[in-house]
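Visitor: Take a look at this one; I'll ask things after.
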Amino acid sequence: MKKQGYYQQLLVSYLPIVFCVFTILVLLTLASSAYLSQETVKKESLVMAKFINSAIDREVRLSEQEMFNELLDKTPFTQMAQLSPAFTPYYKTYELSVMLRKVVSTYPLIHSMYVYRFSDQSVQSINVITTLDQFGDRDFIKQAVRLTEADRTAWSGVREYKEFDAQLPNRVITLTRSIPISREAGGLIVMNVSVNGLTELVRHLIDPSSTFVEVTDAEGEPILRTGPSHIKVTAVDSSSFTGYTIRLGYSEGALNGILRTTGILYAAVGFIVICLGLLWTVYTSRRNYKPIHAIMSKVDQLVSNVKLPFEKRQHNDEFGFLGLVLERMIEQSMKFEQQHTEHTVIKGRMLFAELREGGFSGTEEEARQWLPVYDWQLDSEGFVMAVVEIDDYSAFSTKFSERDLSALKFAMYSAFVEMDHEAIQLHPWADWVSADQIALMYPIQRSGPIKQEAIVSALKQALTWIDNHLNIKISIGFGSPVWETKHIPVSYGEARQMLKYKLSLGKNRLIGNWDIDEIDRFGLLGMISSSRDLAVSYRLAVPDWQDRLNEWMNE
């Protein structure tokens with residue numbers, strides 16, 4: 001086969017599948033990688049948001065602790081903060097300013113601190129001692145005074161703070177506490193934390209060019225915002241201490257860079273894998289095609305040598321060509337098998353005829369070797385013949401059409417074969433010898449399950465069944481057992497001879513030599529019968545015909 005059509009079909013079938021499968025796998029890998037990368041970015045964003053939140057909480061908590069440790073927990077500060085500056089010595093007022101300045105200078109995030117006294121409504125900060133009406137942050141103090149102690153514990157949102165009206169305001173978050181904190185308050189201490197300081201703190205924790213961070217208070221108002229505003233927020237975290245919420249997101253450019261690098265890597269690996277898969281498919285297809293190519297070459301050579309009656313044509317479809325050749329081979333095989341079966345049946349009938357008529361020219365061993373060939377398992381010592389004859393066949397055949405007559409005769413034939421098989425576990429060798437007679441040959445043993453009595457009983461059962469179910473009257477002649485194949489004609493002749501006694505002994509029965517009286521056997525009828533048997537033996541050249549002749553002469 002010059003054109004390897006099936007090999008090309010294999011490649012055309014497999015290569016798209018391999019390509020599509022690997023491409024889909026690569027795309028799925030890229031998609032899953034992108035998803036995993038996004039999830040990783042979200043997790044990292046959340047971790048970073050929590051970290052920034054904790055950093056703000058830590059710094060705010062430290063500033064609050066600084067205020068408590070350095071001021072509110074110390075009795076001198078409490079006493080100086082509650083005294084009226086009008087009755088307080090100058091150095092006491094100065095010391096209070098020093099205390100406030102020390103806390104502010106110690107902790108950089110603290111922008112400013114001041115004390116408000118309820119007694120005279122005065123305010124003292126690091127830089128000034130003034131009345132409430134002249135203080136720049138008076139609105140906040142008035143609002144804080146109206147709040148309860150519980151409401152003052154939380155940090156405020158972002159607001160603008162200034163000491164003097166002419167100053168530019170600064171953005172701060174504020175914590176307010178009562179003085180003292182354990183009994184009735186005589187004033188307030190206010191601490192402001194710079195939003196710019198918190199912003200710088202956050203900027204030191206992130207990359208401002210690729211990370212967006214927004215901090216909002218409990219009401220959702222923004223406290224600080226840093227980084228590109230167009231960045232999508234990927235993580236949100238709230239603080240239970242301050243009540244502030246952190247919203248954070250990484251730059252899409254950075255994410256795309258990561259994904260692009262990962263995508264290029266996966267695409268390169270996927271392309272290499274696809275190429276390897278295609279090469280592997282080509283190699284595997286070629287290797288798997290070799291046996292088919294070898295078979296097709298042999299078939300093509302067989303057809304070319306005209307060993308099969310097949311038209312020599314060019315076929316691109318190997319299996320189509322092989323199918324046509326196999327069809328021709330199967331047709332030839334079926335014809336040969338049919339012819340062989342027909343020849344076997346004919347040879348079997350001829351062998352049976354030769355054995356029963358005495359025409360077999362082979363030896364005893366050859367005859368016994370031929371019997372199993374024709375589906376008759378012979379494990380016996382001898383043989384016995386029986387002849388079945390339809391009584392009054394001329395009148396019987398006129399009652400039925402040819403088709404019905406054939407069906408009845410087939411049923412009768414099958415009844416003998418099957419019922420005898422059930423009785424003695426062996427099919428007899430049966431054949432129609434004439435229109436009204438069936439010859440049956442049985443194996444027989446001197447001692448064993450297949451004895452003359454069992455065969456006779458099976459024949460009688462078959463006769464009764466045929467009479468009752470098919471309504472056919474038959475008579476059966478049963479011959480004597482013989483122990484060599486060359487004596488089978490003697491048993492057959494005796495079986496046929498027994499049928500001649502049905503006029504005197506009665507029809508529709510089995511007749512054997514035991515039914516004929518010894519005297520009558522050698523009377524007039526007996527001599528006639530013996531003479532005919534002797535003539536048959538002489539005509540068939542039965543080996544013991546001379547002994548039978550001497551016996552007949554003696555009788």
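Within each chain, counting starts at residue 1; across the structure tokens, chains are named A, B, ... in the order shown, with ligands numbered 1 upward in that order.
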DSSP on the backbone: what in region 43-254 of chain A comes out strand (DSSP E), as a tab-separated table (two decimals) with N, CA and C atoms, in the first residue's frame?

Guide:
```tsv
chain	number	residue	atom	x	y	z
A	110	ILE	N	2.04	63.15	68.47
A	110	ILE	CA	1.16	64.07	69.19
A	110	ILE	C	1.42	65.48	68.69
A	111	HIS	N	0.37	66.08	68.13
A	111	HIS	CA	0.50	67.41	67.56
A	111	HIS	C	0.43	68.50	68.64
A	112	SER	N	-0.54	68.35	69.55
A	112	SER	CA	-0.74	69.38	70.58
A	112	SER	C	-1.59	68.82	71.70
A	113	MET	N	-1.52	69.50	72.86
A	113	MET	CA	-2.31	69.15	74.03
A	113	MET	C	-2.71	70.43	74.76
A	114	TYR	N	-3.88	70.41	75.37
A	114	TYR	CA	-4.28	71.54	76.20
A	114	TYR	C	-5.24	71.06	77.28
A	115	VAL	N	-5.39	71.91	78.33
A	115	VAL	CA	-6.25	71.61	79.49
A	115	VAL	C	-7.34	72.67	79.54
A	116	TYR	N	-8.55	72.22	79.72
A	116	TYR	CA	-9.69	73.12	79.87
A	116	TYR	C	-10.24	72.95	81.28
A	117	ARG	N	-10.36	74.11	82.05
A	117	ARG	CA	-10.86	74.09	83.43
A	117	ARG	C	-12.33	74.50	83.44
A	122	SER	N	-11.15	78.44	81.47
A	122	SER	CA	-9.88	78.85	80.88
A	122	SER	C	-9.23	77.67	80.19
A	123	VAL	N	-8.36	77.97	79.26
A	123	VAL	CA	-7.66	76.95	78.49
A	123	VAL	C	-6.18	77.22	78.60
A	124	GLN	N	-5.41	76.13	78.91
A	124	GLN	CA	-3.95	76.25	78.97
A	124	GLN	C	-3.35	75.22	78.05
A	125	SER	N	-2.61	75.70	77.09
A	125	SER	CA	-1.89	74.81	76.17
A	125	SER	C	-0.40	74.98	76.36
A	129	ILE	N	-2.18	80.64	77.65
A	129	ILE	CA	-3.23	80.49	78.64
A	129	ILE	C	-4.27	81.56	78.31
A	130	THR	N	-5.48	81.14	78.01
A	130	THR	CA	-6.50	82.06	77.55
A	130	THR	C	-7.86	81.58	77.98
A	131	THR	N	-8.86	82.41	77.70
A	131	THR	CA	-10.24	82.03	78.00
A	131	THR	C	-10.81	81.22	76.85
A	159	ARG	N	-10.43	66.16	62.11
A	159	ARG	CA	-11.00	67.51	62.25
A	159	ARG	C	-9.88	68.53	62.11
A	160	GLU	N	-10.28	69.79	62.04
A	160	GLU	CA	-9.30	70.87	61.90
A	160	GLU	C	-9.10	71.54	63.27
A	161	TYR	N	-7.82	71.74	63.62
A	161	TYR	CA	-7.48	72.31	64.93
A	161	TYR	C	-6.57	73.53	64.72
A	170	ASN	N	-4.82	72.76	61.29
A	170	ASN	CA	-4.13	71.47	61.07
A	170	ASN	C	-5.14	70.33	61.23
A	171	ARG	N	-4.97	69.31	60.42
A	171	ARG	CA	-5.87	68.15	60.47
A	171	ARG	C	-5.36	67.19	61.54
A	172	VAL	N	-6.23	66.89	62.50
A	172	VAL	CA	-5.85	66.05	63.63
A	172	VAL	C	-7.00	65.12	63.96
A	173	ILE	N	-6.67	64.10	64.77
A	173	ILE	CA	-7.68	63.30	65.46
A	173	ILE	C	-7.47	63.52	66.94
A	174	THR	N	-8.55	63.47	67.70
A	174	THR	CA	-8.49	63.97	69.07
A	174	THR	C	-9.02	62.93	70.04
A	175	LEU	N	-8.35	62.91	71.23
A	175	LEU	CA	-8.82	62.10	72.35
A	175	LEU	C	-9.05	63.04	73.53
A	176	THR	N	-10.21	62.95	74.16
A	176	THR	CA	-10.58	63.82	75.27
A	176	THR	C	-10.79	62.98	76.52
A	177	ARG	N	-10.21	63.44	77.66
A	177	ARG	CA	-10.38	62.77	78.94
A	177	ARG	C	-10.70	63.79	80.03
A	178	SER	N	-11.45	63.32	81.02
A	178	SER	CA	-11.80	64.20	82.16
A	178	SER	C	-10.68	64.22	83.17
A	179	ILE	N	-10.58	65.35	83.94
A	179	ILE	CA	-9.58	65.50	85.01
A	179	ILE	C	-10.32	65.77	86.30
A	187	GLY	N	-12.17	69.36	84.95
A	187	GLY	CA	-11.71	69.88	83.68
A	187	GLY	C	-11.53	68.78	82.66
A	188	LEU	N	-11.01	69.18	81.51
A	188	LEU	CA	-10.77	68.24	80.42
A	188	LEU	C	-9.34	68.39	79.93
A	189	ILE	N	-8.76	67.29	79.52
A	189	ILE	CA	-7.48	67.34	78.83
A	189	ILE	C	-7.70	66.83	77.43
A	190	VAL	N	-7.24	67.52	76.44
A	190	VAL	CA	-7.45	67.21	75.03
A	190	VAL	C	-6.10	66.96	74.38
A	191	MET	N	-5.99	65.82	73.71
A	191	MET	CA	-4.75	65.46	73.01
A	191	MET	C	-5.07	65.30	71.53
A	192	ASN	N	-4.32	65.96	70.68
A	192	ASN	CA	-4.49	65.91	69.23
A	192	ASN	C	-3.33	65.16	68.59
A	193	VAL	N	-3.66	64.22	67.77
A	193	VAL	CA	-2.66	63.46	67.01
A	193	VAL	C	-2.70	63.94	65.57
A	194	SER	N	-1.55	64.21	65.01
A	194	SER	CA	-1.47	64.77	63.66
A	194	SER	C	-1.83	63.73	62.60
A	211	THR	N	0.34	51.42	45.86
A	211	THR	CA	-0.60	50.97	46.88
A	211	THR	C	-1.49	52.13	47.31
A	212	PHE	N	-2.76	51.84	47.36
A	212	PHE	CA	-3.73	52.84	47.80
A	212	PHE	C	-4.24	52.47	49.18
A	213	VAL	N	-4.22	53.46	50.10
A	213	VAL	CA	-4.69	53.22	51.47
A	213	VAL	C	-5.62	54.37	51.84
A	214	GLU	N	-6.76	54.01	52.38
A	214	GLU	CA	-7.71	55.01	52.87
A	214	GLU	C	-8.14	54.61	54.27
A	215	VAL	N	-8.10	55.58	55.20
A	215	VAL	CA	-8.52	55.35	56.58
A	215	VAL	C	-9.74	56.23	56.83
A	216	THR	N	-10.83	55.60	57.27
A	216	THR	CA	-12.06	56.32	57.57
A	216	THR	C	-12.43	56.09	59.03
A	222	PRO	N	-13.49	60.15	55.70
A	222	PRO	CA	-12.07	59.85	55.50
A	222	PRO	C	-11.16	60.59	56.47
A	223	ILE	N	-10.22	59.89	57.03
A	223	ILE	CA	-9.21	60.48	57.90
A	223	ILE	C	-7.95	60.78	57.11
A	224	LEU	N	-7.49	59.79	56.36
A	224	LEU	CA	-6.33	60.01	55.50
A	224	LEU	C	-6.48	59.14	54.27
A	225	ARG	N	-5.84	59.57	53.20
A	225	ARG	CA	-5.86	58.83	51.93
A	225	ARG	C	-4.51	59.03	51.27
A	226	THR	N	-3.88	57.93	50.86
A	226	THR	CA	-2.58	58.01	50.22
A	226	THR	C	-2.50	56.98	49.11
A	235	ALA	N	-8.98	44.96	49.91
A	235	ALA	CA	-9.03	44.48	51.29
A	235	ALA	C	-9.59	45.60	52.17
A	236	VAL	N	-10.41	45.18	53.13
A	236	VAL	CA	-11.00	46.12	54.09
A	236	VAL	C	-10.84	45.52	55.48
A	237	ASP	N	-10.40	46.34	56.44
A	237	ASP	CA	-10.22	45.85	57.80
A	237	ASP	C	-10.57	46.99	58.76
A	238	SER	N	-11.28	46.63	59.84
A	238	SER	CA	-11.71	47.61	60.84
A	238	SER	C	-11.02	47.34	62.16
A	245	THR	N	-11.52	52.29	59.85
A	245	THR	CA	-11.56	51.25	58.82
A	245	THR	C	-10.47	51.53	57.80
A	246	ILE	N	-9.70	50.49	57.49
A	246	ILE	CA	-8.62	50.58	56.50
A	246	ILE	C	-9.11	49.95	55.20
A	247	ARG	N	-9.01	50.68	54.10
A	247	ARG	CA	-9.28	50.15	52.75
A	247	ARG	C	-7.99	50.22	51.96
A	248	LEU	N	-7.60	49.06	51.41
A	248	LEU	CA	-6.28	48.98	50.77
A	248	LEU	C	-6.42	48.24	49.44
A	249	GLY	N	-5.62	48.65	48.49
A	249	GLY	CA	-5.56	47.98	47.19
A	249	GLY	C	-4.23	48.18	46.53
A	250	TYR	N	-3.79	47.11	45.81
A	250	TYR	CA	-2.53	47.20	45.08
A	250	TYR	C	-2.79	47.69	43.66
```

Visitor: Near Asp431 (chain A), within 7 Å and counting only C-alpha atoms, which residues show up once chain neighbours fewer than 3 positions away are dropped, as a PDB file with C-alpha atoms, in the first residue's frame?

Guide:
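Output (result.pdb):
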```pdb
ATOM      1  CA  ILE A 438     -35.360 -46.046   8.444  1.00  0.00           C
ATOM      2  CA  ALA A 439     -32.187 -47.996   9.239  1.00  0.00           C
ATOM      3  CA  LEU A 440     -30.865 -47.545  12.797  1.00  0.00           C
TER       4      LEU A 440
END
```

Visitor: Tell me which of A:Ala435, A:Ile466, A:Ile516, A:Ile444 sits closest to Ala415 (chain A), counting only C-alpha atoms.

Guide: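 The closest residue to Ala415 (chain A) is A:Ile466.
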
Visitor: Do a neighbour search on Ala462 (chain A) at 9 Å with only C-alpha atoms, toss out local chain neighbours closer than 4 positions, and write the hits as a ChimeraX atom specification.

Guide: /A:412,415-416,419-420,457-458,466-467

Visitor: Which polymer residues have any atom within 10 Å of an atom of region 337-350 of chain A, counting only C-alpha atoms, with same-chain residues fewer than 5 positions away left out, as JSON, numbers by chain?

Guide: {"A": [331, 332, 355, 356, 359, 360, 370, 371, 373, 374, 375, 429, 430, 431, 432, 433]}

Visitor: Would you mind exporting N, CA and C atoms of the selected residues as a tab-separated table (two decimals), in the first residue's frame?

Guide:
```
chain	number	residue	atom	x	y	z
A	331	GLU	N	-16.78	-15.37	2.43
A	331	GLU	CA	-17.68	-16.01	1.48
A	331	GLU	C	-17.10	-17.33	0.99
A	332	GLN	N	-15.81	-17.30	0.65
A	332	GLN	CA	-15.18	-18.55	0.20
A	332	GLN	C	-15.16	-19.59	1.30
A	355	LEU	N	-21.51	-50.03	5.17
A	355	LEU	CA	-21.42	-50.89	6.35
A	355	LEU	C	-22.63	-51.82	6.46
A	356	ARG	N	-23.83	-51.28	6.21
A	356	ARG	CA	-25.00	-52.13	6.39
A	356	ARG	C	-25.26	-53.04	5.20
A	359	GLY	N	-20.63	-53.37	1.63
A	359	GLY	CA	-19.76	-52.92	0.54
A	359	GLY	C	-18.49	-52.26	1.01
A	360	PHE	N	-18.25	-52.18	2.33
A	360	PHE	CA	-17.03	-51.54	2.83
A	360	PHE	C	-15.84	-52.47	2.62
A	370	TRP	N	-13.17	-44.56	10.99
A	370	TRP	CA	-14.04	-43.69	10.22
A	370	TRP	C	-15.30	-43.29	10.98
A	371	LEU	N	-15.76	-44.17	11.86
A	371	LEU	CA	-17.02	-43.90	12.54
A	371	LEU	C	-17.02	-42.60	13.36
A	373	VAL	N	-15.36	-39.93	12.84
A	373	VAL	CA	-15.24	-38.79	11.95
A	373	VAL	C	-16.61	-38.23	11.59
A	374	TYR	N	-17.59	-39.11	11.54
A	374	TYR	CA	-18.93	-38.70	11.16
A	374	TYR	C	-19.84	-38.52	12.38
A	375	ASP	N	-19.25	-37.91	13.44
A	375	ASP	CA	-20.00	-37.49	14.64
A	375	ASP	C	-20.69	-38.66	15.32
A	429	TRP	N	-27.04	-44.08	14.72
A	429	TRP	CA	-26.77	-43.69	13.33
A	429	TRP	C	-27.99	-44.09	12.53
A	430	ALA	N	-28.70	-43.06	12.01
A	430	ALA	CA	-29.98	-43.31	11.35
A	430	ALA	C	-29.96	-42.74	9.95
A	431	ASP	N	-30.70	-43.38	9.05
A	431	ASP	CA	-30.80	-42.90	7.68
A	431	ASP	C	-32.01	-43.58	7.02
A	432	TRP	N	-32.66	-42.79	6.17
A	432	TRP	CA	-33.76	-43.35	5.39
A	432	TRP	C	-33.17	-44.23	4.27
A	433	VAL	N	-33.57	-45.47	4.25
A	433	VAL	CA	-33.08	-46.39	3.20
A	433	VAL	C	-34.10	-46.54	2.08
```

Visitor: Please report the interatomic distance between CA of Ala154 (chain A) and CA of Pro180 (chain A) in Å with one decimal.

Guide: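 Distance reported for this atom pair: 17.3 Å.
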
Visitor: Using only C-alpha atoms, determine which residues lie at most 10 Å from region 495-501 of chain A, disregarding the query and same-chain residues fewer than 6 positions distant; provide the list as a list in words.

Guide: Val384, Met385, Ala386, Val387, Val388, Glu389, Gln437, Ala439, Leu440, Ser475, Ile476, Gly477, Phe478, Gly479, Ser480, Pro489, Lys507, Arg509, Leu510, Ile511, Gly512, Asn513, Asp515, Ile516, Leu525, Ser529, Ser530, Arg532 and Asp533 of chain A

Visitor: Could you write out the selected residues, including N, CA and C atoms, as a PDB file, in the first residue's frame?

Guide:
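Written out: selection09.pdb:
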```
ATOM      1  N   VAL A 384     -25.629 -53.364  16.626  1.00  0.00           N
ATOM      2  CA  VAL A 384     -26.896 -54.023  16.384  1.00  0.00           C
ATOM      3  C   VAL A 384     -27.721 -53.113  15.485  1.00  0.00           C
ATOM      4  N   MET A 385     -28.449 -53.700  14.544  1.00  0.00           N
ATOM      5  CA  MET A 385     -29.222 -52.953  13.569  1.00  0.00           C
ATOM      6  C   MET A 385     -30.707 -53.102  13.867  1.00  0.00           C
ATOM      7  N   ALA A 386     -31.443 -52.038  13.547  1.00  0.00           N
ATOM      8  CA  ALA A 386     -32.897 -52.060  13.623  1.00  0.00           C
ATOM      9  C   ALA A 386     -33.426 -51.338  12.405  1.00  0.00           C
ATOM     10  N   VAL A 387     -34.580 -51.805  11.904  1.00  0.00           N
ATOM     11  CA  VAL A 387     -35.217 -51.197  10.738  1.00  0.00           C
ATOM     12  C   VAL A 387     -36.639 -50.827  11.124  1.00  0.00           C
ATOM     13  N   VAL A 388     -36.963 -49.533  10.913  1.00  0.00           N
ATOM     14  CA  VAL A 388     -38.304 -49.016  11.196  1.00  0.00           C
ATOM     15  C   VAL A 388     -39.051 -48.912   9.865  1.00  0.00           C
ATOM     16  N   GLU A 389     -40.255 -49.446   9.837  1.00  0.00           N
ATOM     17  CA  GLU A 389     -41.050 -49.447   8.599  1.00  0.00           C
ATOM     18  C   GLU A 389     -42.444 -48.913   8.896  1.00  0.00           C
ATOM     19  N   GLN A 437     -38.831 -46.796   5.121  1.00  0.00           N
ATOM     20  CA  GLN A 437     -37.968 -47.498   6.071  1.00  0.00           C
ATOM     21  C   GLN A 437     -36.804 -46.602   6.541  1.00  0.00           C
ATOM     22  N   ALA A 439     -33.169 -47.063   8.677  1.00  0.00           N
ATOM     23  CA  ALA A 439     -32.187 -47.996   9.239  1.00  0.00           C
ATOM     24  C   ALA A 439     -31.523 -47.320  10.441  1.00  0.00           C
ATOM     25  N   LEU A 440     -31.468 -48.046  11.562  1.00  0.00           N
ATOM     26  CA  LEU A 440     -30.865 -47.545  12.797  1.00  0.00           C
ATOM     27  C   LEU A 440     -29.748 -48.482  13.225  1.00  0.00           C
ATOM     28  N   SER A 475     -43.732 -50.543  12.368  1.00  0.00           N
ATOM     29  CA  SER A 475     -43.212 -51.804  12.879  1.00  0.00           C
ATOM     30  C   SER A 475     -41.704 -51.725  12.869  1.00  0.00           C
ATOM     31  N   ILE A 476     -41.083 -52.378  13.830  1.00  0.00           N
ATOM     32  CA  ILE A 476     -39.628 -52.306  13.982  1.00  0.00           C
ATOM     33  C   ILE A 476     -39.068 -53.718  13.954  1.00  0.00           C
ATOM     34  N   GLY A 477     -38.129 -53.937  13.051  1.00  0.00           N
ATOM     35  CA  GLY A 477     -37.407 -55.202  13.020  1.00  0.00           C
ATOM     36  C   GLY A 477     -36.070 -55.043  13.712  1.00  0.00           C
ATOM     37  N   PHE A 478     -35.768 -55.946  14.637  1.00  0.00           N
ATOM     38  CA  PHE A 478     -34.546 -55.845  15.444  1.00  0.00           C
ATOM     39  C   PHE A 478     -33.655 -57.036  15.145  1.00  0.00           C
ATOM     40  N   GLY A 479     -32.388 -56.714  14.745  1.00  0.00           N
ATOM     41  CA  GLY A 479     -31.451 -57.767  14.396  1.00  0.00           C
ATOM     42  C   GLY A 479     -30.655 -58.245  15.591  1.00  0.00           C
ATOM     43  N   SER A 480     -29.801 -59.205  15.354  1.00  0.00           N
ATOM     44  CA  SER A 480     -28.965 -59.760  16.410  1.00  0.00           C
ATOM     45  C   SER A 480     -27.678 -58.946  16.522  1.00  0.00           C
ATOM     46  N   PRO A 489     -23.853 -56.196   8.077  1.00  0.00           N
ATOM     47  CA  PRO A 489     -24.900 -56.569   7.117  1.00  0.00           C
ATOM     48  C   PRO A 489     -25.759 -57.738   7.595  1.00  0.00           C
ATOM     49  N   LYS A 507     -48.857 -56.048  13.376  1.00  0.00           N
ATOM     50  CA  LYS A 507     -48.173 -54.795  13.031  1.00  0.00           C
ATOM     51  C   LYS A 507     -48.080 -53.879  14.257  1.00  0.00           C
ATOM     52  N   ARG A 509     -45.522 -52.972  16.132  1.00  0.00           N
ATOM     53  CA  ARG A 509     -44.817 -53.548  17.251  1.00  0.00           C
ATOM     54  C   ARG A 509     -43.357 -53.769  16.880  1.00  0.00           C
ATOM     55  N   LEU A 510     -42.556 -54.115  17.857  1.00  0.00           N
ATOM     56  CA  LEU A 510     -41.143 -54.443  17.631  1.00  0.00           C
ATOM     57  C   LEU A 510     -41.026 -55.952  17.548  1.00  0.00           C
ATOM     58  N   ILE A 511     -40.338 -56.445  16.520  1.00  0.00           N
ATOM     59  CA  ILE A 511     -40.191 -57.879  16.289  1.00  0.00           C
ATOM     60  C   ILE A 511     -38.706 -58.212  16.328  1.00  0.00           C
ATOM     61  N   GLY A 512     -38.370 -59.160  17.189  1.00  0.00           N
ATOM     62  CA  GLY A 512     -37.000 -59.642  17.268  1.00  0.00           C
ATOM     63  C   GLY A 512     -36.957 -61.142  17.072  1.00  0.00           C
ATOM     64  N   ASN A 513     -35.758 -61.669  17.000  1.00  0.00           N
ATOM     65  CA  ASN A 513     -35.631 -63.103  16.760  1.00  0.00           C
ATOM     66  C   ASN A 513     -36.180 -63.917  17.928  1.00  0.00           C
ATOM     67  N   ASP A 515     -39.049 -63.465  19.121  1.00  0.00           N
ATOM     68  CA  ASP A 515     -40.486 -63.596  18.930  1.00  0.00           C
ATOM     69  C   ASP A 515     -40.853 -64.747  17.989  1.00  0.00           C
ATOM     70  N   ILE A 516     -39.870 -65.323  17.340  1.00  0.00           N
ATOM     71  CA  ILE A 516     -40.154 -66.363  16.333  1.00  0.00           C
ATOM     72  C   ILE A 516     -39.863 -67.729  16.953  1.00  0.00           C
ATOM     73  N   LEU A 525     -41.885 -71.462   6.297  1.00  0.00           N
ATOM     74  CA  LEU A 525     -41.583 -70.033   6.233  1.00  0.00           C
ATOM     75  C   LEU A 525     -40.150 -69.760   6.673  1.00  0.00           C
ATOM     76  N   SER A 529     -37.205 -67.935   4.600  1.00  0.00           N
ATOM     77  CA  SER A 529     -36.477 -66.783   5.117  1.00  0.00           C
ATOM     78  C   SER A 529     -34.987 -67.054   5.185  1.00  0.00           C
ATOM     79  N   SER A 530     -34.618 -68.238   5.665  1.00  0.00           N
ATOM     80  CA  SER A 530     -33.192 -68.574   5.744  1.00  0.00           C
ATOM     81  C   SER A 530     -32.558 -68.600   4.375  1.00  0.00           C
ATOM     82  N   ARG A 532     -33.422 -66.861   1.785  1.00  0.00           N
ATOM     83  CA  ARG A 532     -33.201 -65.482   1.323  1.00  0.00           C
ATOM     84  C   ARG A 532     -32.000 -64.846   2.018  1.00  0.00           C
ATOM     85  N   ASP A 533     -31.884 -65.103   3.334  1.00  0.00           N
ATOM     86  CA  ASP A 533     -30.738 -64.540   4.049  1.00  0.00           C
ATOM     87  C   ASP A 533     -29.435 -65.093   3.510  1.00  0.00           C
TER      88      ASP A 533
END
```

Visitor: Between CA of Cys275 (chain A) and CA of Val21 (chain A), what distance in Å does the model show, to one decimal?

Guide: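 Between these atoms lies a distance of 12.4 Å.
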
Visitor: Which residues come within 12 Å of Leu205 (chain A), counting only C-alpha atoms, excluding same-chain residues fewer than 4 positions away, as number ranges by chain?

Guide: A: 48-56, 198-201, 211-213, 226-227

Visitor: Could those residues be written to a file, using N, CA and C atoms, as a short mmCIF file (atom, residue, chain, number, x, y, z; two decimals), in the first residue's frame?

Guide:
```
data_model
loop_
_atom_site.label_atom_id
_atom_site.label_comp_id
_atom_site.auth_asym_id
_atom_site.auth_seq_id
_atom_site.Cartn_x
_atom_site.Cartn_y
_atom_site.Cartn_z
N MET A 48 -1.83 43.19 54.74
CA MET A 48 -1.24 44.53 54.83
C MET A 48 -2.19 45.50 55.51
N ALA A 49 -3.50 45.39 55.21
CA ALA A 49 -4.47 46.27 55.85
C ALA A 49 -4.49 46.05 57.35
N LYS A 50 -4.47 44.79 57.76
CA LYS A 50 -4.44 44.48 59.19
C LYS A 50 -3.16 45.02 59.82
N PHE A 51 -2.05 44.91 59.08
CA PHE A 51 -0.78 45.41 59.61
C PHE A 51 -0.82 46.93 59.79
N ILE A 52 -1.35 47.64 58.80
CA ILE A 52 -1.45 49.11 58.91
C ILE A 52 -2.40 49.48 60.03
N ASN A 53 -3.51 48.76 60.13
CA ASN A 53 -4.47 49.05 61.19
C ASN A 53 -3.83 48.85 62.56
N SER A 54 -3.11 47.73 62.68
CA SER A 54 -2.45 47.47 63.96
C SER A 54 -1.37 48.51 64.25
N ALA A 55 -0.68 48.99 63.20
CA ALA A 55 0.34 50.03 63.39
C ALA A 55 -0.30 51.32 63.88
N ILE A 56 -1.43 51.71 63.26
CA ILE A 56 -2.12 52.93 63.72
C ILE A 56 -2.63 52.75 65.14
N LEU A 198 0.26 60.44 60.91
CA LEU A 198 -0.28 59.10 60.59
C LEU A 198 -0.09 58.78 59.11
N THR A 199 -0.27 59.81 58.25
CA THR A 199 -0.08 59.59 56.82
C THR A 199 1.36 59.20 56.53
N GLU A 200 2.31 59.89 57.16
CA GLU A 200 3.71 59.54 56.96
C GLU A 200 4.01 58.14 57.49
N LEU A 201 3.36 57.81 58.60
CA LEU A 201 3.53 56.45 59.13
C LEU A 201 3.07 55.41 58.13
N THR A 211 0.34 51.42 45.86
CA THR A 211 -0.60 50.97 46.88
C THR A 211 -1.49 52.13 47.31
N PHE A 212 -2.76 51.84 47.36
CA PHE A 212 -3.73 52.84 47.80
C PHE A 212 -4.24 52.47 49.18
N VAL A 213 -4.22 53.46 50.10
CA VAL A 213 -4.69 53.22 51.47
C VAL A 213 -5.62 54.37 51.84
N THR A 226 -3.88 57.93 50.86
CA THR A 226 -2.58 58.01 50.22
C THR A 226 -2.50 56.98 49.11
N GLY A 227 -1.71 57.26 48.10
CA GLY A 227 -1.55 56.38 46.96
C GLY A 227 -2.47 56.76 45.82
#
```

Visitor: Quick one: DSSP helix (DSSP H, G or I) residues in region 111-278 of chain A, as a PyMOL selection string?

Guide: chain A and resi 138-146+151-153+195-205+252-278

Visitor: Given only C-alpha atoms as the basis, pick out the residue of A:Val269, A:Ala294, A:Val417, A:Val60 nearest to Gly197 (chain A).

Guide: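 Nearest candidate to Gly197 (chain A) out of A:Val269, A:Ala294, A:Val417, A:Val60: A:Val60.
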
Visitor: Work out how far apart CA of Gly358 (chain A) and CA of Val542 (chain A) are and give it in Å to one decimal.

Guide: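 Result for CA of Gly358 (chain A) versus CA of Val542 (chain A): 7.1 Å, one decimal.
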
Visitor: Ranking A:Asn471, A:Gln369, A:Thr485, A:Ser240 by minimum distance to Pro443 (chain A) and counting only C-alpha atoms, which one comes first?

Guide: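 The answer is A:Thr485, which sits nearest to Pro443 (chain A).
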